[in-house]
Structure formats: structure tokens, C-alpha cells
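Text of the file my_file_11.pdb, holding PDB, C-alpha atoms:
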```
MODEL        1
ATOM      1  CA  MET A  15      -3.478 -44.589 -70.905
ATOM      2  CA  LYS A  16      -2.458 -40.993 -70.181
ATOM      3  CA  ASN A  17      -6.039 -39.785 -70.718
ATOM      4  CA  ILE A  18      -7.347 -42.437 -68.331
ATOM      5  CA  ARG A  19      -4.925 -41.261 -65.657
ATOM      6  CA  ILE A  20      -6.115 -37.682 -66.116
ATOM      7  CA  TRP A  21      -9.776 -38.658 -65.747
ATOM      8  CA  LEU A  22      -8.972 -40.741 -62.675
ATOM      9  CA  ARG A  23      -7.015 -37.857 -61.193
ATOM     10  CA  ALA A  24     -10.059 -35.639 -61.678
ATOM     11  CA  ALA A  25     -12.333 -38.117 -59.881
ATOM     12  CA  ARG A  26      -9.860 -38.510 -56.964
ATOM     13  CA  PRO A  27     -10.149 -42.298 -56.475
ATOM     14  CA  TRP A  28      -7.857 -42.139 -53.414
ATOM     15  CA  SER A  29     -10.869 -40.731 -51.568
ATOM     16  CA  PHE A  30     -13.368 -43.416 -52.616
ATOM     17  CA  THR A  31     -12.956 -45.343 -49.376
ATOM     18  CA  VAL A  32     -15.263 -42.802 -47.732
ATOM     19  CA  SER A  33     -18.102 -43.855 -50.073
ATOM     20  CA  ILE A  34     -17.206 -47.567 -50.064
ATOM     21  CA  VAL A  35     -17.213 -47.957 -46.282
ATOM     22  CA  PRO A  36     -20.859 -46.880 -45.598
ATOM     23  CA  PRO A  37     -22.538 -49.439 -47.941
ATOM     24  CA  VAL A  38     -20.312 -52.209 -46.564
ATOM     25  CA  LEU A  39     -20.874 -51.107 -42.974
ATOM     26  CA  GLY A  40     -24.643 -50.723 -43.336
ATOM     27  CA  SER A  41     -25.003 -54.131 -44.991
ATOM     28  CA  ILE A  42     -22.975 -55.936 -42.317
ATOM     29  CA  ILE A  43     -24.931 -54.234 -39.525
ATOM     30  CA  ALA A  44     -28.146 -55.394 -41.215
ATOM     31  CA  LEU A  45     -26.900 -58.997 -41.168
ATOM     32  CA  ASN A  46     -25.850 -58.678 -37.533
ATOM     33  CA  GLU A  47     -29.123 -57.163 -36.395
ATOM     34  CA  ASN A  48     -31.485 -59.410 -38.383
ATOM     35  CA  PRO A  49     -30.813 -63.120 -37.712
ATOM     36  CA  GLY A  50     -31.496 -65.289 -40.733
ATOM     37  CA  LEU A  51     -31.130 -62.400 -43.182
ATOM     38  CA  SER A  52     -29.072 -63.190 -46.284
ATOM     39  CA  LEU A  53     -27.134 -60.532 -48.130
ATOM     40  CA  ASN A  54     -28.766 -59.492 -51.382
ATOM     41  CA  TRP A  55     -25.633 -59.148 -53.487
ATOM     42  CA  SER A  56     -27.260 -57.417 -56.451
ATOM     43  CA  HIS A  57     -28.804 -54.771 -54.193
ATOM     44  CA  PHE A  58     -25.513 -54.379 -52.342
ATOM     45  CA  LEU A  59     -23.563 -53.839 -55.566
ATOM     46  CA  LEU A  60     -26.150 -51.338 -56.802
ATOM     47  CA  THR A  61     -25.928 -49.434 -53.515
ATOM     48  CA  LEU A  62     -22.134 -49.445 -53.637
ATOM     49  CA  THR A  63     -22.076 -48.326 -57.283
ATOM     50  CA  GLY A  64     -24.537 -45.518 -56.633
ATOM     51  CA  CYS A  65     -22.601 -44.224 -53.620
ATOM     52  CA  VAL A  66     -19.223 -44.232 -55.382
ATOM     53  CA  ALA A  67     -20.658 -42.705 -58.584
ATOM     54  CA  ALA A  68     -22.287 -39.896 -56.609
ATOM     55  CA  HIS A  69     -19.053 -39.338 -54.685
ATOM     56  CA  ALA A  70     -16.918 -39.113 -57.839
ATOM     57  CA  SER A  71     -19.414 -36.681 -59.341
ATOM     58  CA  ALA A  72     -19.428 -34.487 -56.240
ATOM     59  CA  ASN A  73     -15.604 -34.456 -56.256
ATOM     60  CA  VAL A  74     -15.516 -33.227 -59.843
ATOM     61  CA  PHE A  75     -18.295 -30.679 -59.315
ATOM     62  CA  SER A  76     -16.335 -29.327 -56.371
ATOM     63  CA  ASP A  77     -13.241 -28.871 -58.520
ATOM     64  CA  TYR A  78     -15.289 -27.362 -61.349
ATOM     65  CA  PHE A  79     -16.811 -24.619 -59.197
ATOM     66  CA  ASP A  80     -13.574 -24.047 -57.265
ATOM     67  CA  TYR A  81     -11.938 -23.333 -60.622
ATOM     68  CA  LYS A  82     -14.814 -21.228 -61.947
ATOM     69  CA  ASN A  83     -14.909 -19.154 -58.760
ATOM     70  CA  GLY A  84     -11.173 -18.497 -58.843
ATOM     71  CA  ILE A  85     -10.426 -20.593 -55.756
ATOM     72  CA  ASP A  86      -8.256 -23.066 -57.666
ATOM     73  CA  LYS A  87      -5.637 -21.158 -59.657
ATOM     74  CA  PRO A  88      -1.875 -21.166 -60.234
ATOM     75  CA  GLY A  89      -0.260 -20.989 -56.831
ATOM     76  CA  ASN A  90      -3.449 -22.125 -55.093
ATOM     77  CA  TYR A  91      -4.124 -25.646 -56.286
ATOM     78  CA  GLY A  92      -7.196 -27.670 -55.465
ATOM     79  CA  SER A  93      -7.578 -31.395 -54.948
ATOM     80  CA  SER A  94      -7.042 -32.532 -58.556
ATOM     81  CA  SER A  95      -5.940 -29.304 -60.328
ATOM     82  CA  VAL A  96      -6.602 -30.836 -63.758
ATOM     83  CA  MET A  97      -8.082 -27.567 -64.998
ATOM     84  CA  VAL A  98      -5.415 -25.392 -63.433
ATOM     85  CA  ASP A  99      -2.800 -27.538 -65.191
ATOM     86  CA  LYS A 100      -4.794 -27.279 -68.467
ATOM     87  CA  LEU A 101      -5.169 -31.053 -68.703
ATOM     88  CA  LEU A 102      -8.951 -30.839 -69.124
ATOM     89  CA  THR A 103     -11.292 -27.996 -70.004
ATOM     90  CA  PRO A 104     -14.214 -27.258 -67.667
ATOM     91  CA  GLU A 105     -16.592 -28.583 -70.319
ATOM     92  CA  GLN A 106     -14.676 -31.862 -70.615
ATOM     93  CA  LEU A 107     -14.594 -32.237 -66.851
ATOM     94  CA  LEU A 108     -18.389 -32.053 -66.598
ATOM     95  CA  ILE A 109     -18.671 -35.373 -68.449
ATOM     96  CA  ILE A 110     -17.838 -37.151 -65.181
ATOM     97  CA  PRO A 111     -20.655 -35.709 -63.024
ATOM     98  CA  ALA A 112     -23.107 -35.998 -65.918
ATOM     99  CA  ALA A 113     -22.387 -39.725 -66.144
ATOM    100  CA  GLY A 114     -21.883 -40.276 -62.420
ATOM    101  CA  PHE A 115     -25.035 -38.590 -61.194
ATOM    102  CA  SER A 116     -27.007 -40.444 -63.895
ATOM    103  CA  VAL A 117     -25.666 -43.788 -62.652
ATOM    104  CA  ALA A 118     -26.391 -42.866 -59.021
ATOM    105  CA  ALA A 119     -29.918 -41.719 -59.892
ATOM    106  CA  ALA A 120     -30.622 -44.890 -61.854
ATOM    107  CA  ALA A 121     -29.416 -47.072 -58.975
ATOM    108  CA  GLY A 122     -31.517 -45.110 -56.466
ATOM    109  CA  ILE A 123     -34.661 -45.206 -58.580
ATOM    110  CA  TYR A 124     -34.280 -48.937 -59.236
ATOM    111  CA  LEU A 125     -33.903 -49.722 -55.531
ATOM    112  CA  MET A 126     -36.789 -47.469 -54.526
ATOM    113  CA  THR A 127     -39.109 -49.125 -57.031
ATOM    114  CA  THR A 128     -38.110 -52.762 -56.528
ATOM    115  CA  ILE A 129     -37.374 -53.451 -52.850
ATOM    116  CA  PRO A 130     -40.184 -53.726 -50.262
ATOM    117  CA  ASN A 131     -41.150 -50.299 -48.895
ATOM    118  CA  GLY A 132     -38.536 -48.857 -51.233
ATOM    119  CA  THR A 133     -40.261 -45.485 -51.418
ATOM    120  CA  SER A 134     -39.190 -44.992 -47.788
ATOM    121  CA  LEU A 135     -35.696 -44.461 -49.187
ATOM    122  CA  ALA A 136     -36.794 -41.332 -51.051
ATOM    123  CA  TRP A 137     -35.881 -38.912 -48.263
ATOM    124  CA  LEU A 138     -32.386 -40.400 -47.945
ATOM    125  CA  VAL A 139     -31.781 -40.418 -51.690
ATOM    126  CA  CYS A 140     -33.025 -36.846 -52.065
ATOM    127  CA  THR A 141     -30.987 -35.603 -49.088
ATOM    128  CA  GLY A 142     -27.849 -37.266 -50.426
ATOM    129  CA  ALA A 143     -28.481 -35.876 -53.895
ATOM    130  CA  PHE A 144     -28.944 -32.377 -52.467
ATOM    131  CA  LEU A 145     -25.734 -32.531 -50.424
ATOM    132  CA  GLY A 146     -23.728 -33.903 -53.357
ATOM    133  CA  PHE A 147     -25.082 -31.658 -56.101
ATOM    134  CA  PHE A 148     -25.187 -28.423 -54.116
ATOM    135  CA  TYR A 149     -21.920 -28.971 -52.252
ATOM    136  CA  THR A 150     -20.371 -26.214 -54.369
ATOM    137  CA  THR A 151     -23.186 -25.517 -56.849
ATOM    138  CA  PRO A 152     -25.098 -22.216 -56.516
ATOM    139  CA  PRO A 153     -27.314 -21.038 -54.990
ATOM    140  CA  PHE A 154     -26.582 -23.093 -51.869
ATOM    141  CA  ALA A 155     -22.822 -23.760 -52.296
ATOM    142  CA  ILE A 156     -22.676 -25.630 -48.988
ATOM    143  CA  LYS A 157     -18.897 -25.918 -48.987
ATOM    144  CA  TYR A 158     -18.412 -22.143 -49.243
ATOM    145  CA  ARG A 159     -20.668 -21.398 -46.243
ATOM    146  CA  ALA A 160     -18.655 -23.309 -43.609
ATOM    147  CA  LEU A 161     -21.130 -26.196 -43.805
ATOM    148  CA  GLY A 162     -18.916 -28.637 -45.698
ATOM    149  CA  ASP A 163     -17.769 -30.444 -42.541
ATOM    150  CA  ILE A 164     -21.364 -31.185 -41.516
ATOM    151  CA  ALA A 165     -22.333 -32.161 -45.060
ATOM    152  CA  VAL A 166     -19.596 -34.776 -45.498
ATOM    153  CA  PHE A 167     -20.158 -36.103 -41.965
ATOM    154  CA  LEU A 168     -23.823 -36.764 -42.718
ATOM    155  CA  ALA A 169     -23.482 -37.892 -46.324
ATOM    156  CA  PHE A 170     -20.558 -40.292 -45.894
ATOM    157  CA  GLY A 171     -21.578 -41.410 -42.423
ATOM    158  CA  PRO A 172     -25.069 -41.897 -41.001
ATOM    159  CA  LEU A 173     -27.062 -41.257 -44.204
ATOM    160  CA  MET A 174     -25.273 -43.660 -46.574
ATOM    161  CA  THR A 175     -24.927 -46.287 -43.852
ATOM    162  CA  LEU A 176     -28.593 -46.061 -42.891
ATOM    163  CA  GLY A 177     -29.617 -46.299 -46.544
ATOM    164  CA  ALA A 178     -27.482 -49.400 -47.113
ATOM    165  CA  TYR A 179     -28.973 -50.960 -43.988
ATOM    166  CA  PHE A 180     -32.512 -50.310 -45.218
ATOM    167  CA  VAL A 181     -31.770 -51.799 -48.644
ATOM    168  CA  GLN A 182     -30.862 -55.102 -46.973
ATOM    169  CA  ALA A 183     -33.187 -55.129 -43.940
ATOM    170  CA  GLY A 184     -36.246 -53.370 -45.378
ATOM    171  CA  ALA A 185     -36.577 -51.275 -42.218
ATOM    172  CA  TYR A 186     -34.805 -48.514 -40.345
ATOM    173  CA  SER A 187     -32.796 -48.781 -37.136
ATOM    174  CA  TRP A 188     -30.818 -46.423 -34.937
ATOM    175  CA  LYS A 189     -27.793 -48.724 -34.852
ATOM    176  CA  PRO A 190     -26.461 -48.094 -38.388
ATOM    177  CA  PHE A 191     -26.928 -44.361 -37.821
ATOM    178  CA  LEU A 192     -24.994 -44.468 -34.545
ATOM    179  CA  TYR A 193     -22.349 -46.984 -35.603
ATOM    180  CA  ALA A 194     -21.450 -44.810 -38.590
ATOM    181  CA  ILE A 195     -20.396 -41.912 -36.350
ATOM    182  CA  PRO A 196     -16.754 -42.921 -35.607
ATOM    183  CA  ALA A 197     -15.766 -43.295 -39.272
ATOM    184  CA  ALA A 198     -17.825 -40.216 -40.202
ATOM    185  CA  LEU A 199     -15.763 -38.104 -37.788
ATOM    186  CA  LEU A 200     -12.665 -39.156 -39.717
ATOM    187  CA  VAL A 201     -14.346 -38.219 -43.006
ATOM    188  CA  SER A 202     -14.884 -34.740 -41.576
ATOM    189  CA  ALA A 203     -11.236 -34.756 -40.509
ATOM    190  CA  ILE A 204     -10.178 -35.351 -44.131
ATOM    191  CA  LEU A 205     -11.998 -32.211 -45.267
ATOM    192  CA  HIS A 206     -10.965 -30.240 -42.195
ATOM    193  CA  GLY A 207      -7.316 -31.143 -42.767
ATOM    194  CA  ASN A 208      -7.648 -29.925 -46.343
ATOM    195  CA  ASN A 209      -9.201 -26.657 -45.159
ATOM    196  CA  LEU A 210      -6.594 -26.240 -42.417
ATOM    197  CA  ARG A 211      -3.885 -26.513 -45.056
ATOM    198  CA  ASP A 212      -5.638 -23.919 -47.235
ATOM    199  CA  ILE A 213      -6.591 -21.305 -44.609
ATOM    200  CA  LYS A 214      -4.274 -18.649 -46.015
ATOM    201  CA  ALA A 215      -5.152 -19.287 -49.656
ATOM    202  CA  ASP A 216      -8.900 -19.554 -49.031
ATOM    203  CA  SER A 217      -8.979 -16.309 -47.042
ATOM    204  CA  THR A 218      -8.406 -14.360 -50.266
ATOM    205  CA  THR A 219     -11.290 -15.971 -52.179
ATOM    206  CA  GLY A 220     -14.355 -14.802 -50.270
ATOM    207  CA  ILE A 221     -15.408 -18.275 -49.134
ATOM    208  CA  LYS A 222     -15.844 -19.420 -45.550
ATOM    209  CA  THR A 223     -14.717 -22.678 -43.926
ATOM    210  CA  VAL A 224     -14.758 -23.878 -40.331
ATOM    211  CA  ALA A 225     -10.955 -23.845 -40.362
ATOM    212  CA  MET A 226     -10.937 -20.180 -41.427
ATOM    213  CA  MET A 227     -13.410 -19.262 -38.691
ATOM    214  CA  LEU A 228     -11.361 -21.047 -36.015
ATOM    215  CA  LYS A 229      -8.056 -19.727 -37.380
ATOM    216  CA  ASP A 230      -4.925 -21.818 -37.343
ATOM    217  CA  SER A 231      -4.722 -22.611 -33.635
ATOM    218  CA  GLY A 232      -8.416 -23.410 -33.253
ATOM    219  CA  ALA A 233      -8.487 -25.404 -36.470
ATOM    220  CA  LYS A 234      -5.657 -27.588 -35.209
ATOM    221  CA  LYS A 235      -7.602 -28.310 -32.022
ATOM    222  CA  MET A 236     -10.659 -29.166 -34.109
ATOM    223  CA  TYR A 237      -8.577 -31.685 -36.056
ATOM    224  CA  TYR A 238      -7.356 -33.278 -32.808
ATOM    225  CA  LEU A 239     -10.963 -33.470 -31.589
ATOM    226  CA  LEU A 240     -12.204 -35.176 -34.761
ATOM    227  CA  LEU A 241      -9.498 -37.843 -34.644
ATOM    228  CA  SER A 242      -9.756 -38.528 -30.919
ATOM    229  CA  GLY A 243     -13.545 -38.411 -31.194
ATOM    230  CA  ALA A 244     -13.571 -41.416 -33.515
ATOM    231  CA  TYR A 245     -11.928 -43.581 -30.850
ATOM    232  CA  ALA A 246     -13.959 -42.098 -27.991
ATOM    233  CA  ALA A 247     -17.192 -42.685 -29.913
ATOM    234  CA  THR A 248     -16.225 -46.325 -30.471
ATOM    235  CA  VAL A 249     -15.771 -46.816 -26.733
ATOM    236  CA  LEU A 250     -19.066 -45.078 -25.930
ATOM    237  CA  LEU A 251     -20.957 -47.136 -28.508
ATOM    238  CA  THR A 252     -19.442 -50.297 -27.057
ATOM    239  CA  VAL A 253     -20.499 -49.380 -23.525
ATOM    240  CA  PHE A 254     -23.911 -47.835 -24.188
ATOM    241  CA  ALA A 255     -25.173 -48.874 -27.651
ATOM    242  CA  GLY A 256     -24.449 -52.600 -27.957
ATOM    243  CA  LEU A 257     -21.483 -52.327 -30.306
ATOM    244  CA  THR A 258     -19.378 -55.473 -30.112
ATOM    245  CA  TRP A 259     -16.387 -55.109 -27.803
ATOM    246  CA  ILE A 260     -14.266 -56.544 -30.627
ATOM    247  CA  SER A 261     -14.608 -53.124 -32.256
ATOM    248  CA  LEU A 262     -11.936 -51.905 -29.878
ATOM    249  CA  ILE A 263      -9.444 -53.414 -32.341
ATOM    250  CA  THR A 264      -9.837 -50.063 -34.107
ATOM    251  CA  PHE A 265      -7.304 -48.812 -31.547
ATOM    252  CA  ILE A 266      -4.666 -50.674 -33.555
ATOM    253  CA  SER A 267      -4.827 -47.670 -35.879
ATOM    254  CA  LEU A 268      -4.273 -45.208 -33.019
ATOM    255  CA  PRO A 269      -0.519 -44.775 -33.739
ATOM    256  CA  MET A 270      -1.479 -43.466 -37.198
ATOM    257  CA  ALA A 271      -3.775 -40.916 -35.564
ATOM    258  CA  VAL A 272      -1.085 -39.861 -33.091
ATOM    259  CA  LYS A 273       1.379 -39.379 -35.939
ATOM    260  CA  LEU A 274      -1.108 -37.188 -37.834
ATOM    261  CA  ILE A 275      -1.810 -35.114 -34.743
ATOM    262  CA  LYS A 276       1.922 -34.509 -34.358
ATOM    263  CA  ILE A 277       2.160 -33.459 -38.013
ATOM    264  CA  VAL A 278      -0.705 -30.991 -37.610
ATOM    265  CA  LYS A 279       0.692 -29.690 -34.321
ATOM    266  CA  ASN A 280       4.019 -29.008 -36.056
ATOM    267  CA  LYS A 281       2.446 -27.782 -39.286
ATOM    268  CA  GLU A 282       4.832 -24.867 -39.714
ATOM    269  CA  ALA A 283       7.931 -26.958 -39.062
ATOM    270  CA  VAL A 284       6.761 -29.712 -41.399
ATOM    271  CA  GLY A 285       6.633 -27.292 -44.327
ATOM    272  CA  ALA A 286       3.967 -26.552 -46.902
ATOM    273  CA  GLU A 287       5.104 -29.202 -49.384
ATOM    274  CA  SER A 288       4.983 -32.048 -46.851
ATOM    275  CA  PHE A 289       1.784 -30.778 -45.246
ATOM    276  CA  ALA A 290       0.030 -30.606 -48.624
ATOM    277  CA  ALA A 291      -0.880 -34.295 -48.375
ATOM    278  CA  ILE A 292      -2.609 -34.012 -44.986
ATOM    279  CA  ASP A 293      -5.996 -34.832 -46.511
ATOM    280  CA  ALA A 294      -4.671 -37.962 -48.243
ATOM    281  CA  MET A 295      -2.866 -39.035 -45.052
ATOM    282  CA  THR A 296      -6.069 -38.595 -43.058
ATOM    283  CA  ALA A 297      -7.917 -40.621 -45.688
ATOM    284  CA  ARG A 298      -5.487 -43.478 -45.069
ATOM    285  CA  LEU A 299      -6.296 -43.325 -41.358
ATOM    286  CA  HIS A 300     -10.004 -43.447 -42.206
ATOM    287  CA  SER A 301      -9.390 -46.526 -44.374
ATOM    288  CA  ALA A 302      -7.407 -48.348 -41.691
ATOM    289  CA  PHE A 303      -9.851 -47.478 -38.899
ATOM    290  CA  SER A 304     -12.893 -48.426 -40.995
ATOM    291  CA  LEU A 305     -11.375 -51.714 -42.117
ATOM    292  CA  LEU A 306     -10.734 -52.700 -38.508
ATOM    293  CA  PHE A 307     -14.270 -51.634 -37.561
ATOM    294  CA  ILE A 308     -15.739 -53.748 -40.360
ATOM    295  CA  ILE A 309     -13.553 -56.736 -39.442
ATOM    296  CA  ALA A 310     -14.870 -56.512 -35.876
ATOM    297  CA  LEU A 311     -18.485 -56.607 -37.075
ATOM    298  CA  LEU A 312     -17.718 -59.522 -39.390
ATOM    299  CA  MET A 313     -16.128 -61.408 -36.498
ATOM    300  CA  CYS A 314     -19.252 -60.762 -34.446
ATOM    301  CA  LEU A 315     -21.400 -62.035 -37.313
ATOM    302  CA  LEU A 316     -19.292 -65.175 -37.670
ATOM    303  CA  SER A 317     -19.448 -65.879 -33.937
ATOM    304  CA  LYS A 318     -23.244 -65.681 -34.096
ATOM    305  CA  SER A 319     -23.301 -68.066 -37.050
ATOM    306  CA  PHE A 320     -21.136 -70.605 -35.205
ATOM    307  CA  ALA A 321     -23.328 -70.273 -32.108
ATOM    308  CA  ASP A 322     -26.438 -71.076 -34.157
ATOM    309  CA  THR A 323     -24.930 -74.237 -35.688
TER     310      THR A 323
ENDMDL
END
```

Rewrite the structure of this file - the entire thing - as C-alpha cells.
Amino acid sequence: MKNIRIWLRAARPWSFTVSIVPPVLGSIIALNENPGLSLNWSHFLLTLTGCVAAHASANVFSDYFDYKNGIDKPGNYGSSSVMVDKLLTPEQLLIIPAAGFSVAAAAGIYLMTTIPNGTSLAWLVCTGAFLGFFYTTPPFAIKYRALGDIAVFLAFGPLMTLGAYFVQAGAYSWKPFLYAIPAALLVSAILHGNNLRDIKADSTTGIKTVAMMLKDSGAKKMYYLLLSGAYAATVLLTVFAGLTWISLITFISLPMAVKLIKIVKNKEAVGAESFAAIDAMTARLHSAFSLLFIIALLMCLLSKSFADT
């Protein structure tokens, strides 16, 4: 049981909501936008499995290279710190991405070769694979070049959601791409909160993050913008892009966002130990916001079903 907990800690399952939401969101949008379409459960589960497996693998790869590059070390812990704490060796840790990327690749190849026009998914699968594999892997090391915020926004927002939509609908649409933006801004906020916390530690490692470039004051403002942007984008999509007005129930989660903004604003007073969990706290906001967003789309779908009967 102890070994299982260590492996789970390495994969960071608390963050999996960011890879669970896009397949669910894309599939529900497909049902909403294509009357008479039935959910293909096997394809949905394959999409979900592939997304989560790729996410877990990217998490572990990130920790692996952070450790190898001296970013994660005693006194400067990373997200899981299983290698810093000597719970797993780097070689043992690589078992997870080896298995995870294999599962994700198998799911992608199966879908591309079995669904109608499946080869049209190739560009999405390849882009996602590139962003996940080279997030910290040389020679690109996206995370270390202040491009991590953009990478996670695209990967865990519009790209995954659009791919899940295509798997169900067999065609592309702008709506899943656009409707993924609010939750994707919160995914970026998770990473940005992490980088805001680590500005001082990261500045000694030779890497570059958006938070480091903006410095503490600017990075705080960026965090406020990402959180408020999720709610503003929901309103704009409701007014201009046909998003159901029921989606405004996402504002039920606004007190959580306000609380996080206050924590970030008072970062120094909060203390390093309490502020260390800012990424996990932001992930909880993402989960709550996304759940409300999905409930709104399901309510819209149900109302359409009742109207047709």
C-alpha cells in the first residue's frame, strides 16, 4: 500500500481534473450541437483514458527533468518531490511515463484508425504529444522558456476539448474550442500560482517563467487576470457565442476565486508554508468552476431533449 501511495504521489492525481474536464466538456458540447447524436461510450472512455494517461506522464516527466536539472532539490521542492525525498530513483520514476505515453498513443492510434475521418485527428494528437513530451524534455523544454502557461492553456483547454468533440461528432467546430477557454484560463492559473510561489527558488536555476519575468507584483496581477478572465469569458461567450445562459451558474464558485485572490494579494503575510498549496487550491477552483460549467451544458441538453418529446 505504501508503494502505491508513492507512485500516486509521483503522478499527482489531485491535478487530474484538468485532463478529465476537456473530454467530458467536448463530448457534451458535441451532443448539444448535433441533435440526434448518441454518445459513443467506448470512444469517450478511450479519449478520457488517453488524456489522463498523457497528463500523468507529463507530470512525471516534469518532475524527472526538474530533478535532473537541479531545480528540485532539498530546500526547493517540486510538485511531488519523490526523488528529492529518495522515495523513488529517477529510473524507477520513468516507468510511469513509459506506460502512460504508451497507453495514450494506443488510444490515439485506435481512434484515428477506427472513427470516420479519424486521420483528421492526427494534428491534434501530434500537437498534444509534442506539448506533453517536450514540456521539460530537451531540446525544447517548453516549461523552462516561459512558455509553460501557453502550453497548458492549449493542451488542457481548446485542444483536448476539440479532440473529444471530433471523436463524438466526426467534424470540427469553433464552439468546443471557444467554450474551453474559461476553464483553460484556470488551468493556466494553477501553473502560474505554482510559478509565483517559486519565483525566488527558480531564479537561481537558470530557467525562465512568466512569473519570474513579471516579478512578484506583476505575477500577482497576472494571477488576478487569469481568475477574473474565466468569469468574464463565460459572460462574453454567453452574449456573443451562443453559450447557454445557464452557464452563469459558474459564478457560484466566485467566492472561491475571491478568497484565492486575497491569499495571493497577501502572499507575504500568509507565509511560505500556507502559500505552498496555492496550486492545489487553484486546482480546486478549476474543479468547482468546471463542474458547474458542465452541469449547465447538461441542463441545456436535457431541456432540448424534453422539448423534442

Open item on the list: Please expand the PyMOL selection byres ((chain A and resi 119-134) around 9) into the concrete residues it hits in this file, giving the result as a ChimeraX atom specification.
Closed with: /A:57,60-61,63-64,68,114-118,135-139,143,180-182,184-185

Open item on the list: I'd like the contact shell of range 211-226 of chain A - 9 Å cut-off, all atoms listed in the file, skipping same-chain residues fewer than 2 positions apart - returned as a PyMOL selection string.
Closed with: chain A and resi 83-85+89-90+157-163+206-209+228-230+232-234+236+281+286+289-293

Task: Nearest to Ala197 in chain A by atom-to-atom distance, counting only C-alpha atoms, from A:Ala44, A:Leu240, A:Ile275, A:Ala24 - done: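 For Ala197 in chain A, the nearest of the given residues is A:Leu240.
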
Open item on the list: Can you pull out the residues contacting Leu274 in chain A? Cut-off 12 Å, using all atoms listed in the file, and skip same-chain residues under 3 positions away; I want them as a PyMOL selection string.
Closed with: chain A and resi 200+203-204+207+234+237-238+240-242+267-271+277-281+284+289+291-300

Open item on the list: Please compute the CA of Arg26 in chain A-CA of Tyr78 in chain A distance, one decimal, in Å.
Closed with: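 Atom-to-atom, CA of Arg26 in chain A to CA of Tyr78 in chain A, that is 13.2 Å.
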
Hey, what's within 8 Å of range 104-110 of chain A if we count all atoms listed in the file and toss same-chain stuff fewer than 5 positions away? As a JSON list (two decimals) with C-alpha atoms, in the frame of the given file, please?
```
[["chain", "number", "residue", "atom", "x", "y", "z"],
["A", 24, "ALA", "CA", -10.06, -35.64, -61.68],
["A", 25, "ALA", "CA", -12.33, -38.12, -59.88],
["A", 70, "ALA", "CA", -16.92, -39.11, -57.84],
["A", 71, "SER", "CA", -19.41, -36.68, -59.34],
["A", 74, "VAL", "CA", -15.52, -33.23, -59.84],
["A", 75, "PHE", "CA", -18.30, -30.68, -59.32],
["A", 78, "TYR", "CA", -15.29, -27.36, -61.35],
["A", 97, "MET", "CA", -8.08, -27.57, -65.00]]
```

TODO: Quick one: pull the distance between CA of Ser317 in chain A and CA of Thr252 in chain A, Å, one decimal.
DONE: 17.0 Å

Please determine an axis-aligned box that encloses all atoms of range 253-267 of chain A listed in the file, with 3 Å added on each side, and express its centre and edge lengths in Å to one decimal as AutoDock Vina command-line options.
```
--center_x -14.9 --center_y -52.1 --center_z -29.7 --size_x 26.5 --size_y 14.9 --size_z 18.4
```

Task: Among the residues A:Ala72, A:Ile20, A:Ile34, A:Val201, the one that comes closest to Pro111 in chain A [using all atoms listed in the file] - done: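 Answer, going by the shortest atom-to-atom distance: A:Ala72.
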
Task: Pick from A:Val166, A:Lys235, A:Gly243, A:Trp259, whichever lies nearest to Lys276 in chain A using only C-alpha atoms - done: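 The answer is A:Lys235, which sits nearest to Lys276 in chain A.
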
Task: Hits of the PyMOL selection byres ((chain A and resi 32) around 9) in this structure, as a PyMOL selection string - done: chain A and resi 29-31+33-36+66+69+170-171+197-198+201+297+300-301

Can you translate the PyMOL selection byres ((chain A and resi 188) around 12) into the concrete residues it hits in this file, as a PDB file with C-alpha atoms, in the frame of the given file?
```
ATOM      1  CA  GLY A  40     -24.643 -50.723 -43.336  1.00  0.00           C
ATOM      2  CA  ILE A  43     -24.931 -54.234 -39.525  1.00  0.00           C
ATOM      3  CA  ALA A  44     -28.146 -55.394 -41.215  1.00  0.00           C
ATOM      4  CA  GLU A  47     -29.123 -57.163 -36.395  1.00  0.00           C
ATOM      5  CA  PRO A 172     -25.069 -41.897 -41.001  1.00  0.00           C
ATOM      6  CA  LEU A 173     -27.062 -41.257 -44.204  1.00  0.00           C
ATOM      7  CA  THR A 175     -24.927 -46.287 -43.852  1.00  0.00           C
ATOM      8  CA  LEU A 176     -28.593 -46.061 -42.891  1.00  0.00           C
ATOM      9  CA  GLY A 177     -29.617 -46.299 -46.544  1.00  0.00           C
ATOM     10  CA  TYR A 179     -28.973 -50.960 -43.988  1.00  0.00           C
ATOM     11  CA  PHE A 180     -32.512 -50.310 -45.218  1.00  0.00           C
ATOM     12  CA  ALA A 185     -36.577 -51.275 -42.218  1.00  0.00           C
ATOM     13  CA  TYR A 186     -34.805 -48.514 -40.345  1.00  0.00           C
ATOM     14  CA  SER A 187     -32.796 -48.781 -37.136  1.00  0.00           C
ATOM     15  CA  LYS A 189     -27.793 -48.724 -34.852  1.00  0.00           C
ATOM     16  CA  PRO A 190     -26.461 -48.094 -38.388  1.00  0.00           C
ATOM     17  CA  PHE A 191     -26.928 -44.361 -37.821  1.00  0.00           C
ATOM     18  CA  LEU A 192     -24.994 -44.468 -34.545  1.00  0.00           C
ATOM     19  CA  TYR A 193     -22.349 -46.984 -35.603  1.00  0.00           C
ATOM     20  CA  ALA A 194     -21.450 -44.810 -38.590  1.00  0.00           C
ATOM     21  CA  ILE A 195     -20.396 -41.912 -36.350  1.00  0.00           C
ATOM     22  CA  LEU A 251     -20.957 -47.136 -28.508  1.00  0.00           C
ATOM     23  CA  ALA A 255     -25.173 -48.874 -27.651  1.00  0.00           C
ATOM     24  CA  GLY A 256     -24.449 -52.600 -27.957  1.00  0.00           C
ATOM     25  CA  LEU A 257     -21.483 -52.327 -30.306  1.00  0.00           C
TER      26      LEU A 257
END
```

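Taking all atoms listed in the file into account, Leu22 in chain A lies nearest to A:Val96 out of the set A:Ile263, A:Leu45, A:Leu53, A:Val96.
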
Go through range 204-269 of chain A residue by residue and, counting all atoms listed in the file, keep those with an atom at most 7 Å from range 308-315 of chain A; for each kept residue give the shortest atom pair and its distance in Å to one decimal, ordered by chain and increasing number, as a Markdown table.
```
| residue | atom | partner | partner_atom | distance |
| --- | --- | --- | --- | --- |
| A:Thr258 | CA | A:Cys314 | CA | 6.8 |
| A:Ile260 | CA | A:Ala310 | CA | 5.3 |
| A:Ser261 | CA | A:Ala310 | CA | 5.0 |
```
